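Remarks on the structure that follows.
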Amino acid sequence: MGDKQSGVHAKYDYIHDQESSPSPLDAHHVEVRRSGAKPVAACFFAALVSAYAFFAFYSKEKPNILAVWGIPLGALLMMKLCWRTVKKESVLIMPTFGVQLETHYRSGRIIRRFVPMGKILKPVLQECVTPVTCYWCLSLLLRDEEQLMLVFKEIRSPLKMLIPIWKALCAAADEGGGLEECGPDG
Amino acid sequence: MADWRRHRILMVSDFFYPNFGGVESHIYYLSQCLLELGHKVVVMTHAYANRSGVRYMTGGLKVYYIPWKPFLMQNTLPTFYGTLPIIRNILIREKISLVHGHQAFSTLCHEALMHARTMGYKVVFTDHSLYGFADIGSIHMNKVLQFTLADVSQAICVSHTSKENTVLRSGLPPAKVFVIPNAVDTAMFTPAPERLKSDEIVIVVISRLVYRKGADLLVEVIPEVCRLFPQVRFIVGGDGPKRVRLEEMREKHSLQDRVEMLGAVPHARVRSVLISGHIFLNSSLTEAFCIAILEAASCGLLTVSTRVGGVPEVLPDDMVVLAEPDPVDMVRAIKKAIALLPRIDPQEMHARMKKLYDWRDVARRTEIVYDRALKCSNQNLLDRLSRYLSCGSWAGKLFCLVMIIDFLFWCLLKLLQPAADIEEVPDMVQFHHQDEEILMDDSQHQSSR
């Protein structure tokens with residue numbers, strides 16, 4: 001492993017691994033910091049559902065639907081939380097070859113997407129607007145594709161973490177010949 | 001707030017481009033001129049079809065098209081609190097110092113002003129319309145306006161008639177209401193290079209064909225004018241529910257060769273339609289300020305208009321012939337206008353319009369209102385609630401409840417997403433001596449000064 005650059009944020013950690021030759025792999029990782037609040041809240045909610053289910057099941061009255069389904073529902077909720085919770089997202093830049101985008105979940109599941117360098121027209125930094133919030137996102141403008149490809153599917157990392165990744169993608173796309181010019185507008 | 005940008009303004013309305021109309025052009029031109037004066041301006045509106053997200057317009061004007069679907073007449077669904085998270089987000093990320101809402105019809109405008117006041121921002125409201133006092137719709141709308149304006153820093157109206165109307169409807173102190181008329185982009189509306197032949201007189205009508213714009217008056221006026229003046233021809237541009245009545249009138253009086261119906265006219269084509277005529281006819285039944293009249297006068301057309309609302313304030317007496325909103329009086333006014341036509345010089349009229357109506361002047365006057373708004377003292381929630389209580393025995397209590405819930409929701413949002421977690425965006429700085437735009441932080445700019 002080469003130099004490790006790190007950026008600190010309340011929710012995320014940015015790690016930049018640059019491997020030296022023979023394989024000049026440029027890896028950018030954005031890791032989600034483990035917040036104590038979310039798992040505690042989830043466990044508390046699951047415990048509450050389970051406790052109610054046990055109480056209803058062992059009480060004198062006829063067991064209701066929640067009593068029967070409460071425990072499996074609680075377990076299912078916990079599993080879903082674990083399954084969907086993102087641990088980190090990575091951008092692996094392989095010059096002249098392509099870019100691999102990875103999403104690592106806490107469950108151990110990893111989703112990988114590979115984009116050949118020749119297909120990347122331009123990496124773009126843009127502001128996304130939803131009905132309730134605005135955030136920065138990094139996308140890839142791809143050849144022969146109508147839709148932009150999101151680099152980070154799950155994580156909404158801050159702009160200061162996205163800029164070095166965007167610059168690295170610009171440089172790689174430039175080398176790959178897919179890009180004419182990368183201006184400050186992204 | 002960085003001192004190199006004097007004001008950081010958020011313009012909010014449901015009505016903005018790609019939609020076209022008086023409010024839309026007002027916001028656009030005012031924003032452009034404020035940007036020229038060195039202020040930061042951001043526009044917030046709802047999404048239009050696939051136009052959603054952040055867009056940049058001429059001069060680096062940033063527009064947030066929030067993905068809320070229009071509900072009725074280009075208005076978003078009134079949710080009271082649904083817009084608070086996004087408005088708070090934009091206010092913080094753009095480092096806004098003042099919120100400027102446009103148009104009493106706009107739901108988004110009312111909600112944005114309410115949330116901005118809850119968060120302690122200074123707010124300015126511009127009213128672009130006149131309302132009645134008697135019908136159910138107006139009574140309810142006036143109550144909503146009273147609620148919004150109960151705690152507004154300053155208000156702007158587009159005409160003195162509009163000011164009277166707003167003050168009466170909202171109970172706002174007249175000292176808080178300023179009159180700043182609209183303007184026209186005279187560079188876009190220039191007369192025809194050559195003067196039109198006077199053997200045939202062309203009367204142009206461009207408006208939405210709806211009741212409020214007096215489409216029913218046109219149905220009675222056009223046949224009578226055509227009967228009295230064989231050399232007169234009409235060009236009617238615009239669309240709407242009343243178009244059918246005009247088509248029927250044309251069939252009934254066999255005026256197909258003398259009344260040309262263009263349908264909806266794109267804004268880019270308005271000038272080319274206007275310069276093909278001698279007289280512009282406006283038959284509105286209510287109008288706070290008619291920008292269409294300004295556009296026509298800028299193109300060198302003599303205007304015939306109904307004497308309603310703020311219309312008599314718009315043009316000098318020698319540029320307009322006014323009539324009561326009555327078919328007989330309108331025919332008389334058209335007769336008078338035809339007699340006046342030989343004395344009209346389109347180029348001279350355009351030159352006068354250029355001096356009289358300038359968006360830069362509107363921006364400078366609006367800037368004064370902003371300065372005054374920012375000097376208004378900050379008040380805590382209790383002081384503000386007393387203003388709402390005075391809005392009526394029942395309504396006052398309801399308004400207070402709405403504001404208390406809004407305040408509590410804001411406190412909850414501050415807990416869930418602290419302001420520190422919302423990223424401030426770098427500003428788009430335009431250097432007028434260069435053709436490039438660059439992104440720059442306040443700190444960077446201050447260090448470069």
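Ordering of the structure tokens sets the chain letters (A, B, ...), residue numbers begin anew at 1 in every chain, and ligands are numbered from 1 in the order given.
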Residues near region 115-129 of chain A, anyone? I mean within 9 Å using only C-alpha atoms, not counting same-chain ones fewer than 5 positions away, as a tab-separated table (two decimals) with all heavy atoms, in the first residue's frame.
```tsv
chain	number	residue	atom	x	y	z
A	94	MET	N	-8.43	2.13	-12.18
A	94	MET	CA	-7.35	1.39	-12.84
A	94	MET	C	-7.04	2.12	-14.14
A	94	MET	O	-7.83	2.02	-15.09
A	94	MET	CB	-7.79	-0.05	-13.11
A	94	MET	CG	-8.04	-0.83	-11.84
A	94	MET	SD	-9.09	-2.26	-12.09
A	94	MET	CE	-10.64	-1.70	-11.44
A	95	PRO	N	-5.98	2.91	-14.17
A	95	PRO	CA	-5.69	3.74	-15.35
A	95	PRO	C	-5.70	2.94	-16.65
A	95	PRO	O	-5.23	1.80	-16.69
A	95	PRO	CB	-4.30	4.30	-15.06
A	95	PRO	CG	-4.18	4.26	-13.58
A	95	PRO	CD	-4.94	3.05	-13.14
A	96	THR	N	-6.27	3.55	-17.66
A	96	THR	CA	-6.45	3.01	-19.03
A	96	THR	C	-7.36	1.78	-19.10
A	96	THR	O	-7.75	1.36	-20.17
A	96	THR	CB	-5.09	2.66	-19.71
A	96	THR	OG1	-4.52	1.53	-19.04
A	96	THR	CG2	-4.14	3.83	-19.71
A	97	PHE	N	-7.69	1.22	-17.95
A	97	PHE	CA	-8.49	-0.01	-17.94
A	97	PHE	C	-9.96	0.29	-17.59
A	97	PHE	O	-10.86	-0.02	-18.35
A	97	PHE	CB	-7.87	-1.01	-16.97
A	97	PHE	CG	-8.57	-2.35	-16.96
A	97	PHE	CD1	-8.76	-3.06	-18.14
A	97	PHE	CD2	-9.02	-2.90	-15.77
A	97	PHE	CE1	-9.40	-4.30	-18.12
A	97	PHE	CE2	-9.67	-4.13	-15.75
A	97	PHE	CZ	-9.86	-4.83	-16.93
A	98	GLY	N	-10.16	0.90	-16.44
A	98	GLY	CA	-11.54	1.20	-16.04
A	98	GLY	C	-11.67	1.59	-14.58
A	98	GLY	O	-10.68	1.75	-13.87
A	99	VAL	N	-12.91	1.74	-14.17
A	99	VAL	CA	-13.22	2.15	-12.79
A	99	VAL	C	-14.16	1.12	-12.18
A	99	VAL	O	-15.16	0.75	-12.80
A	99	VAL	CB	-13.89	3.55	-12.75
A	99	VAL	CG1	-14.32	3.92	-11.35
A	99	VAL	CG2	-12.94	4.61	-13.30
A	100	GLN	N	-13.80	0.65	-10.99
A	100	GLN	CA	-14.69	-0.28	-10.29
A	100	GLN	C	-15.31	0.43	-9.10
A	100	GLN	O	-14.61	1.01	-8.28
A	100	GLN	CB	-13.94	-1.52	-9.83
A	100	GLN	CG	-14.87	-2.53	-9.16
A	100	GLN	CD	-14.36	-3.94	-9.22
A	100	GLN	OE1	-14.19	-4.51	-10.30
A	100	GLN	NE2	-14.09	-4.52	-8.06
A	101	LEU	N	-16.63	0.37	-9.02
A	101	LEU	CA	-17.36	1.01	-7.93
A	101	LEU	C	-17.88	-0.10	-7.01
A	101	LEU	O	-18.51	-1.04	-7.48
A	101	LEU	CB	-18.52	1.84	-8.48
A	101	LEU	CG	-18.18	2.81	-9.62
A	101	LEU	CD1	-19.44	3.40	-10.21
A	101	LEU	CD2	-17.26	3.92	-9.13
A	134	CYS	N	-31.04	18.84	-0.17
A	134	CYS	CA	-30.11	19.04	-1.28
A	134	CYS	C	-28.77	18.44	-0.86
A	134	CYS	O	-28.39	18.57	0.30
A	134	CYS	CB	-29.87	20.51	-1.58
A	134	CYS	SG	-31.34	21.47	-1.77
A	135	TYR	N	-28.06	17.85	-1.78
A	135	TYR	CA	-26.74	17.30	-1.46
A	135	TYR	C	-25.90	17.22	-2.72
A	135	TYR	O	-26.43	17.27	-3.83
A	135	TYR	CB	-26.87	15.92	-0.80
A	135	TYR	CG	-27.57	14.88	-1.64
A	135	TYR	CD1	-26.86	14.01	-2.45
A	135	TYR	CD2	-28.96	14.79	-1.64
A	135	TYR	CE1	-27.50	13.07	-3.24
A	135	TYR	CE2	-29.61	13.85	-2.42
A	135	TYR	CZ	-28.88	13.00	-3.22
A	135	TYR	OH	-29.51	12.08	-4.01
A	136	TRP	N	-24.60	17.09	-2.53
A	136	TRP	CA	-23.68	16.96	-3.67
A	136	TRP	C	-23.55	15.49	-4.04
A	136	TRP	O	-23.55	14.63	-3.17
A	136	TRP	CB	-22.30	17.49	-3.30
A	136	TRP	CG	-22.24	18.97	-3.21
A	136	TRP	CD1	-22.39	19.72	-2.09
A	136	TRP	CD2	-22.02	19.88	-4.28
A	136	TRP	NE1	-22.28	21.06	-2.39
A	136	TRP	CE2	-22.05	21.19	-3.74
A	136	TRP	CE3	-21.80	19.74	-5.65
A	136	TRP	CZ2	-21.87	22.33	-4.50
A	136	TRP	CZ3	-21.62	20.88	-6.41
A	136	TRP	CH2	-21.65	22.15	-5.85
A	137	CYS	N	-23.45	15.23	-5.32
A	137	CYS	CA	-23.19	13.85	-5.72
A	137	CYS	C	-22.22	13.81	-6.90
A	137	CYS	O	-22.12	14.77	-7.66
A	137	CYS	CB	-24.48	13.11	-6.04
A	137	CYS	SG	-25.17	13.48	-7.62
A	138	LEU	N	-21.52	12.71	-6.99
A	138	LEU	CA	-20.54	12.51	-8.04
A	138	LEU	C	-21.12	11.47	-9.00
A	138	LEU	O	-21.52	10.39	-8.58
A	138	LEU	CB	-19.23	12.02	-7.42
A	138	LEU	CG	-18.05	11.72	-8.34
A	138	LEU	CD1	-17.68	12.91	-9.19
A	138	LEU	CD2	-16.84	11.29	-7.52
A	139	SER	N	-21.17	11.83	-10.27
A	139	SER	CA	-21.74	10.92	-11.27
A	139	SER	C	-20.81	10.79	-12.46
A	139	SER	O	-19.92	11.62	-12.66
A	139	SER	CB	-23.08	11.45	-11.78
A	139	SER	OG	-23.89	11.86	-10.73
A	140	LEU	N	-21.05	9.75	-13.22
A	140	LEU	CA	-20.28	9.55	-14.45
A	140	LEU	C	-21.20	9.71	-15.65
A	140	LEU	O	-22.27	9.10	-15.71
A	140	LEU	CB	-19.65	8.15	-14.47
A	140	LEU	CG	-18.66	7.81	-13.35
A	140	LEU	CD1	-18.24	6.35	-13.46
A	140	LEU	CD2	-17.44	8.70	-13.38
A	141	LEU	N	-20.76	10.55	-16.56
A	141	LEU	CA	-21.48	10.73	-17.81
A	141	LEU	C	-20.94	9.68	-18.76
A	141	LEU	O	-19.75	9.68	-19.08
A	141	LEU	CB	-21.21	12.15	-18.33
A	141	LEU	CG	-22.04	12.68	-19.49
A	141	LEU	CD1	-23.51	12.74	-19.12
A	141	LEU	CD2	-21.57	14.07	-19.87
A	142	LEU	N	-21.80	8.74	-19.14
A	142	LEU	CA	-21.33	7.60	-19.93
A	142	LEU	C	-21.74	7.69	-21.40
A	142	LEU	O	-22.80	8.22	-21.72
A	142	LEU	CB	-21.86	6.28	-19.34
A	142	LEU	CG	-21.50	6.00	-17.88
A	142	LEU	CD1	-22.15	4.71	-17.42
A	142	LEU	CD2	-20.00	5.93	-17.66
A	143	ARG	N	-20.89	7.16	-22.22
A	143	ARG	CA	-21.14	7.13	-23.66
A	143	ARG	C	-22.34	6.21	-23.96
A	143	ARG	O	-22.44	5.11	-23.40
A	143	ARG	CB	-19.89	6.58	-24.36
A	143	ARG	CG	-19.67	7.10	-25.77
A	143	ARG	CD	-18.41	6.49	-26.35
A	143	ARG	NE	-17.20	6.98	-25.69
A	143	ARG	CZ	-16.58	8.11	-26.02
A	143	ARG	NH1	-17.07	8.88	-26.96
A	143	ARG	NH2	-15.49	8.48	-25.39
A	144	ASP	N	-23.22	6.68	-24.83
A	144	ASP	CA	-24.41	5.91	-25.26
A	144	ASP	C	-25.37	5.56	-24.12
A	144	ASP	O	-26.11	4.59	-24.20
A	144	ASP	CB	-24.01	4.62	-26.01
A	144	ASP	CG	-23.07	4.89	-27.17
A	144	ASP	OD1	-23.28	5.91	-27.86
A	144	ASP	OD2	-22.13	4.10	-27.38
A	159	LEU	N	-18.87	17.42	0.03
A	159	LEU	CA	-18.17	17.90	-1.16
A	159	LEU	C	-16.65	17.78	-1.04
A	159	LEU	O	-15.98	17.39	-1.99
A	159	LEU	CB	-18.57	19.36	-1.43
A	159	LEU	CG	-17.98	20.04	-2.66
A	159	LEU	CD1	-18.44	19.34	-3.94
A	159	LEU	CD2	-18.38	21.50	-2.71
A	162	LEU	N	-15.63	14.49	-2.05
A	162	LEU	CA	-15.91	14.16	-3.45
A	162	LEU	C	-14.90	14.80	-4.40
A	162	LEU	O	-14.59	14.22	-5.44
A	162	LEU	CB	-17.33	14.60	-3.83
A	162	LEU	CG	-18.49	13.89	-3.15
A	162	LEU	CD1	-19.81	14.53	-3.56
A	162	LEU	CD2	-18.53	12.40	-3.48
A	163	ILE	N	-14.40	15.99	-4.04
A	163	ILE	CA	-13.49	16.72	-4.95
A	163	ILE	C	-12.24	15.91	-5.32
A	163	ILE	O	-11.94	15.76	-6.50
A	163	ILE	CB	-13.17	18.13	-4.41
A	163	ILE	CG1	-14.41	19.02	-4.57
A	163	ILE	CG2	-11.97	18.76	-5.12
A	163	ILE	CD1	-14.34	20.36	-3.89
A	166	TRP	N	-13.26	13.15	-7.65
A	166	TRP	CA	-13.63	13.71	-8.95
A	166	TRP	C	-12.37	14.07	-9.76
A	166	TRP	O	-12.28	13.76	-10.94
A	166	TRP	CB	-14.51	14.95	-8.73
A	166	TRP	CG	-14.76	15.76	-9.96
A	166	TRP	CD1	-15.52	15.42	-11.03
A	166	TRP	CD2	-14.24	17.06	-10.24
A	166	TRP	NE1	-15.51	16.43	-11.96
A	166	TRP	CE2	-14.73	17.45	-11.51
A	166	TRP	CE3	-13.41	17.95	-9.55
A	166	TRP	CZ2	-14.42	18.68	-12.09
A	166	TRP	CZ3	-13.11	19.17	-10.12
A	166	TRP	CH2	-13.60	19.52	-11.39
A	167	LYS	N	-11.39	14.68	-9.08
A	167	LYS	CA	-10.14	15.06	-9.76
A	167	LYS	C	-9.40	13.82	-10.27
A	167	LYS	O	-8.88	13.81	-11.39
A	167	LYS	CB	-9.25	15.86	-8.81
A	167	LYS	CG	-9.68	17.31	-8.66
A	167	LYS	CD	-8.79	18.07	-7.71
A	167	LYS	CE	-9.21	19.53	-7.61
A	167	LYS	NZ	-8.47	20.25	-6.55
A	169	LEU	N	-10.75	10.92	-11.01
A	169	LEU	CA	-11.53	10.36	-12.13
A	169	LEU	C	-11.31	11.18	-13.40
A	169	LEU	O	-11.20	10.63	-14.49
A	169	LEU	CB	-13.02	10.32	-11.78
A	169	LEU	CG	-13.48	9.22	-10.83
A	169	LEU	CD1	-14.87	9.50	-10.31
A	169	LEU	CD2	-13.45	7.85	-11.49
A	170	CYS	N	-11.23	12.51	-13.24
A	170	CYS	CA	-10.97	13.39	-14.38
A	170	CYS	C	-9.62	13.06	-15.02
A	170	CYS	O	-9.51	12.93	-16.24
A	170	CYS	CB	-10.97	14.85	-13.94
A	170	CYS	SG	-12.59	15.59	-13.91
A	172	ALA	N	-7.91	10.28	-14.76
A	172	ALA	CA	-7.93	8.93	-15.35
A	172	ALA	C	-8.67	8.93	-16.68
A	172	ALA	O	-8.22	8.32	-17.66
A	172	ALA	CB	-8.58	7.96	-14.38
A	173	ALA	N	-9.80	9.64	-16.73
A	173	ALA	CA	-10.59	9.70	-17.97
A	173	ALA	C	-9.83	10.44	-19.05
A	173	ALA	O	-9.92	10.12	-20.23
A	173	ALA	CB	-11.92	10.37	-17.70
A	174	ASP	N	-9.07	11.45	-18.63
A	174	ASP	CA	-8.24	12.24	-19.54
A	174	ASP	C	-7.17	11.36	-20.18
A	174	ASP	O	-6.93	11.42	-21.39
A	174	ASP	CB	-7.58	13.38	-18.76
A	174	ASP	CG	-7.45	14.63	-19.60
A	174	ASP	OD1	-7.85	14.58	-20.78
A	174	ASP	OD2	-6.95	15.65	-19.09
A	176	GLY	N	-7.33	8.14	-20.40
A	176	GLY	CA	-8.02	7.12	-21.20
A	176	GLY	C	-8.54	7.66	-22.52
A	176	GLY	O	-9.03	6.90	-23.35
A	177	GLY	N	-8.49	8.98	-22.68
A	177	GLY	CA	-8.91	9.61	-23.94
A	177	GLY	C	-10.40	9.80	-24.06
A	177	GLY	O	-10.90	10.17	-25.11
A	178	GLY	N	-11.12	9.56	-22.99
A	178	GLY	CA	-12.58	9.74	-23.05
A	178	GLY	C	-13.00	11.16	-22.77
A	178	GLY	O	-14.16	11.50	-22.87
A	179	LEU	N	-12.05	12.00	-22.42
A	179	LEU	CA	-12.40	13.34	-21.94
A	179	LEU	C	-11.60	14.40	-22.67
A	179	LEU	O	-10.40	14.28	-22.84
A	179	LEU	CB	-12.04	13.37	-20.45
A	179	LEU	CG	-12.54	14.49	-19.58
A	179	LEU	CD1	-14.03	14.41	-19.42
A	179	LEU	CD2	-11.90	14.37	-18.21
A	180	GLU	N	-12.30	15.44	-23.12
A	180	GLU	CA	-11.58	16.53	-23.79
A	180	GLU	C	-11.01	17.50	-22.76
A	180	GLU	O	-9.87	17.88	-22.79
A	180	GLU	CB	-12.52	17.31	-24.73
A	180	GLU	CG	-12.91	16.57	-25.98
A	180	GLU	CD	-14.10	15.67	-25.78
A	180	GLU	OE1	-15.10	16.14	-25.24
A	180	GLU	OE2	-14.01	14.48	-26.15
A	181	GLU	N	-11.88	17.89	-21.84
A	181	GLU	CA	-11.47	18.93	-20.89
A	181	GLU	C	-12.32	18.80	-19.64
A	181	GLU	O	-13.51	18.57	-19.72
A	181	GLU	CB	-11.71	20.30	-21.54
A	181	GLU	CG	-11.18	21.46	-20.73
A	181	GLU	CD	-11.69	22.79	-21.27
A	181	GLU	OE1	-12.10	22.85	-22.43
A	181	GLU	OE2	-11.67	23.75	-20.50
A	182	CYS	N	-11.71	18.96	-18.50
A	182	CYS	CA	-12.46	18.89	-17.25
A	182	CYS	C	-12.37	20.23	-16.55
A	182	CYS	O	-11.35	20.56	-15.96
A	182	CYS	CB	-11.89	17.79	-16.36
A	182	CYS	SG	-13.16	16.75	-15.67
A	185	ASP	N	-16.61	23.32	-13.47
A	185	ASP	CA	-18.05	23.06	-13.34
A	185	ASP	C	-18.35	21.59	-13.18
A	185	ASP	O	-19.45	21.21	-12.86
A	185	ASP	CB	-18.80	23.62	-14.56
A	185	ASP	CG	-18.34	22.99	-15.85
A	185	ASP	OD1	-17.16	22.62	-15.93
A	185	ASP	OD2	-19.14	22.86	-16.78
A	186	GLY	N	-17.36	20.77	-13.41
A	186	GLY	CA	-17.58	19.34	-13.31
A	186	GLY	C	-18.29	18.86	-14.50
A	186	GLY	O	-19.11	18.03	-14.49
B	52	SER	N	-36.08	19.53	-13.27
B	52	SER	CA	-36.02	19.34	-11.82
B	52	SER	C	-34.56	19.44	-11.37
B	52	SER	O	-33.65	19.19	-12.15
B	52	SER	CB	-36.59	17.96	-11.49
B	52	SER	OG	-36.53	17.72	-10.12
B	53	GLY	N	-34.36	19.81	-10.12
B	53	GLY	CA	-33.00	19.94	-9.61
B	53	GLY	C	-32.46	21.35	-9.74
B	53	GLY	O	-33.23	22.30	-9.82
B	54	VAL	N	-31.14	21.47	-9.80
B	54	VAL	CA	-30.51	22.79	-9.87
B	54	VAL	C	-30.19	23.13	-11.32
B	54	VAL	O	-29.61	22.33	-12.04
B	54	VAL	CB	-29.22	22.83	-9.01
B	54	VAL	CG1	-28.47	24.15	-9.19
B	54	VAL	CG2	-29.55	22.63	-7.54
B	64	TYR	N	-33.42	26.59	-8.13
B	64	TYR	CA	-33.76	25.29	-7.54
B	64	TYR	C	-35.16	24.92	-7.99
B	64	TYR	O	-36.13	25.57	-7.61
B	64	TYR	CB	-33.75	25.37	-6.01
B	64	TYR	CG	-32.38	25.35	-5.37
B	64	TYR	CD1	-31.68	26.53	-5.14
B	64	TYR	CD2	-31.80	24.16	-4.94
B	64	TYR	CE1	-30.44	26.53	-4.53
B	64	TYR	CE2	-30.55	24.15	-4.33
B	64	TYR	CZ	-29.88	25.33	-4.12
B	64	TYR	OH	-28.65	25.33	-3.52
B	65	TYR	N	-35.25	23.88	-8.82
B	65	TYR	CA	-36.56	23.35	-9.22
B	65	TYR	C	-36.85	22.17	-8.29
B	65	TYR	O	-36.37	21.07	-8.52
B	65	TYR	CB	-36.55	22.91	-10.68
B	65	TYR	CG	-36.51	24.06	-11.66
B	65	TYR	CD1	-35.31	24.50	-12.21
B	65	TYR	CD2	-37.68	24.71	-12.04
B	65	TYR	CE1	-35.28	25.55	-13.12
B	65	TYR	CE2	-37.66	25.76	-12.95
B	65	TYR	CZ	-36.45	26.18	-13.48
B	65	TYR	OH	-36.43	27.23	-14.37
B	66	ILE	N	-37.59	22.43	-7.23
B	66	ILE	CA	-37.86	21.41	-6.22
B	66	ILE	C	-38.83	20.37	-6.78
B	66	ILE	O	-39.87	20.75	-7.33
B	66	ILE	CB	-38.46	22.04	-4.93
B	66	ILE	CG1	-37.62	23.24	-4.48
B	66	ILE	CG2	-38.60	21.01	-3.81
B	66	ILE	CD1	-36.18	22.98	-4.18
B	67	PRO	N	-38.52	19.08	-6.65
B	67	PRO	CA	-39.41	18.07	-7.24
B	67	PRO	C	-40.74	17.90	-6.51
B	67	PRO	O	-41.05	16.85	-5.97
B	67	PRO	CB	-38.57	16.79	-7.21
B	67	PRO	CG	-37.51	17.02	-6.21
B	67	PRO	CD	-37.31	18.49	-6.06
B	86	ILE	N	-36.68	21.44	3.08
B	86	ILE	CA	-35.95	21.86	1.88
B	86	ILE	C	-35.65	23.36	1.92
B	86	ILE	O	-34.56	23.80	1.54
B	86	ILE	CB	-36.69	21.46	0.57
B	86	ILE	CG1	-35.85	21.76	-0.68
B	86	ILE	CG2	-38.04	22.11	0.43
B	86	ILE	CD1	-34.69	20.86	-0.89
```
Check your understanding: Arg332 (chain B): which residues within 12 Å, counting only C-alpha atoms, same-chain residues fewer than 5 positions away excluded, as a ChimeraX atom specification?
Key -> /B:221,224-225,228,304-306,321-327,337-339
Select from chain B every residue with an atom at most 12 Å from any atom of chain A, then for each give the shortest pair of atoms and their distance in Å to one decimal, using only C-alpha atoms, rows by chain and rising number, as a Markdown table.
```
| residue | atom | partner | partner_atom | distance |
| --- | --- | --- | --- | --- |
| B:Met44 | CA | A:Val129 | CA | 11.3 |
| B:Thr45 | CA | A:Pro131 | CA | 11.5 |
| B:His46 | CA | A:Pro131 | CA | 9.5 |
| B:Ala47 | CA | A:Pro131 | CA | 10.0 |
| B:Arg51 | CA | A:Val129 | CA | 11.5 |
| B:Ser52 | CA | A:Val129 | CA | 7.8 |
| B:Gly53 | CA | A:Val129 | CA | 5.0 |
| B:Val54 | CA | A:Glu127 | CA | 6.5 |
| B:Arg55 | CA | A:Glu127 | CA | 9.4 |
| B:Tyr56 | CA | A:Asp185 | CA | 11.2 |
| B:Gly60 | CA | A:Asp185 | CA | 11.9 |
| B:Lys62 | CA | A:Glu127 | CA | 11.3 |
| B:Val63 | CA | A:Val129 | CA | 11.1 |
| B:Tyr64 | CA | A:Val129 | CA | 7.7 |
| B:Tyr65 | CA | A:Val129 | CA | 7.9 |
| B:Ile66 | CA | A:Pro131 | CA | 6.0 |
| B:Pro67 | CA | A:Pro131 | CA | 5.4 |
| B:Trp68 | CA | A:Pro131 | CA | 6.2 |
| B:Lys69 | CA | A:Pro131 | CA | 9.8 |
| B:Thr76 | CA | A:Pro131 | CA | 11.8 |
| B:Tyr81 | CA | A:Val132 | CA | 10.9 |
| B:Gly82 | CA | A:Val132 | CA | 7.9 |
| B:Thr83 | CA | A:Val132 | CA | 7.0 |
| B:Leu84 | CA | A:Val132 | CA | 7.9 |
| B:Pro85 | CA | A:Val132 | CA | 5.3 |
| B:Ile86 | CA | A:Val132 | CA | 4.5 |
| B:Ile87 | CA | A:Val132 | CA | 8.2 |
| B:Arg88 | CA | A:Thr133 | CA | 8.7 |
| B:Asn89 | CA | A:Thr133 | CA | 6.2 |
| B:Ile90 | CA | A:Cys134 | CA | 7.4 |
| B:Leu91 | CA | A:Cys134 | CA | 11.0 |
| B:Ile92 | CA | A:Cys134 | CA | 10.7 |
| B:Arg93 | CA | A:Cys134 | CA | 8.7 |
| B:Glu94 | CA | A:Cys134 | CA | 10.9 |
| B:Leu413 | CA | A:Val132 | CA | 11.3 |
| B:Leu416 | CA | A:Ala37 | CA | 11.6 |
| B:Gln417 | CA | A:Thr133 | CA | 10.6 |
| B:Pro418 | CA | A:Ala10 | CA | 11.4 |
| B:Ala420 | CA | A:Ala10 | CA | 9.8 |
| B:Asp421 | CA | A:Ala10 | CA | 8.2 |
| B:Ile422 | CA | A:Tyr135 | CA | 8.4 |
| B:Glu423 | CA | A:Pro158 | CA | 7.2 |
| B:Glu424 | CA | A:Leu159 | CA | 9.6 |
| B:Val425 | CA | A:Leu159 | CA | 8.9 |
| B:Pro426 | CA | A:Leu159 | CA | 10.2 |
| B:Asp427 | CA | A:Asp185 | CA | 11.8 |
| B:Met428 | CA | A:Asp185 | CA | 9.8 |
| B:Glu436 | CA | A:Pro184 | CA | 10.6 |
| B:Glu437 | CA | A:Asp185 | CA | 8.9 |
| B:Ile438 | CA | A:Pro184 | CA | 7.1 |
| B:Leu439 | CA | A:Pro184 | CA | 7.2 |
| B:Met440 | CA | A:Pro184 | CA | 10.3 |
```
Point to revise | Selected residue, from B:Met353, B:Val124, B:Leu30, B:Leu10, that lies nearest to Val42 (chain B) when counting only C-alpha atoms | key: B:Leu10
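Nearest to Ala333 (chain B) of all the residues B:Leu281, B:Val369, B:Val12, B:Ala104 is B:Leu281, based on only C-alpha atoms.
Closest approach to Asn378 (chain B) from the set B:Gly38, B:Gly59, B:Met119, B:Ala175 is made by B:Met119, with distances taken over only C-alpha atoms.
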Review point. Leaving out region 186-202 of chain B and any residue of its chain fewer than 5 positions from it, which residues lie within 7 Å of it when counting only C-alpha atoms, given as a PyMOL selection string?
Key: chain B and resi 231-234+271+275+277-279+295+298-300+346-347+350+354
Review point. Running DSSP on the backbone, which parts of region 120-215 of chain B land in strand (DSSP E), as a PyMOL selection string?
Key: chain B and resi 122-127+154-157+177-179+201-206
Review point. Near Val320 (chain B), counting only C-alpha atoms, which residues have an atom at most 9 Å away, once you skip same-chain residues fewer than 4 positions from it, shown as a count of residues only?
Key: 10
Check your understanding: Contacts of Leu77 (chain B) at 12 Å or less, counting only C-alpha atoms, minus same-chain residues fewer than 3 places along, as a PyMOL selection string?
Key -> chain B and resi 14+46+68-74+80-83+105-111
Check your understanding: Residues at most 12 Å from Phe133 (chain B), counting only C-alpha atoms, excluding those fewer than 4 positions away in the same chain, as a ChimeraX atom specification?
Key -> /B:137-143,165-166,168-170
**Study point:** Spatial neighbours of Leu61 (chain B), max dist 8 Å, only C-alpha atoms, sep filter under 3 positions, as a PyMOL selection string
**Key:** chain B and resi 31-32+35+41-43+56-58
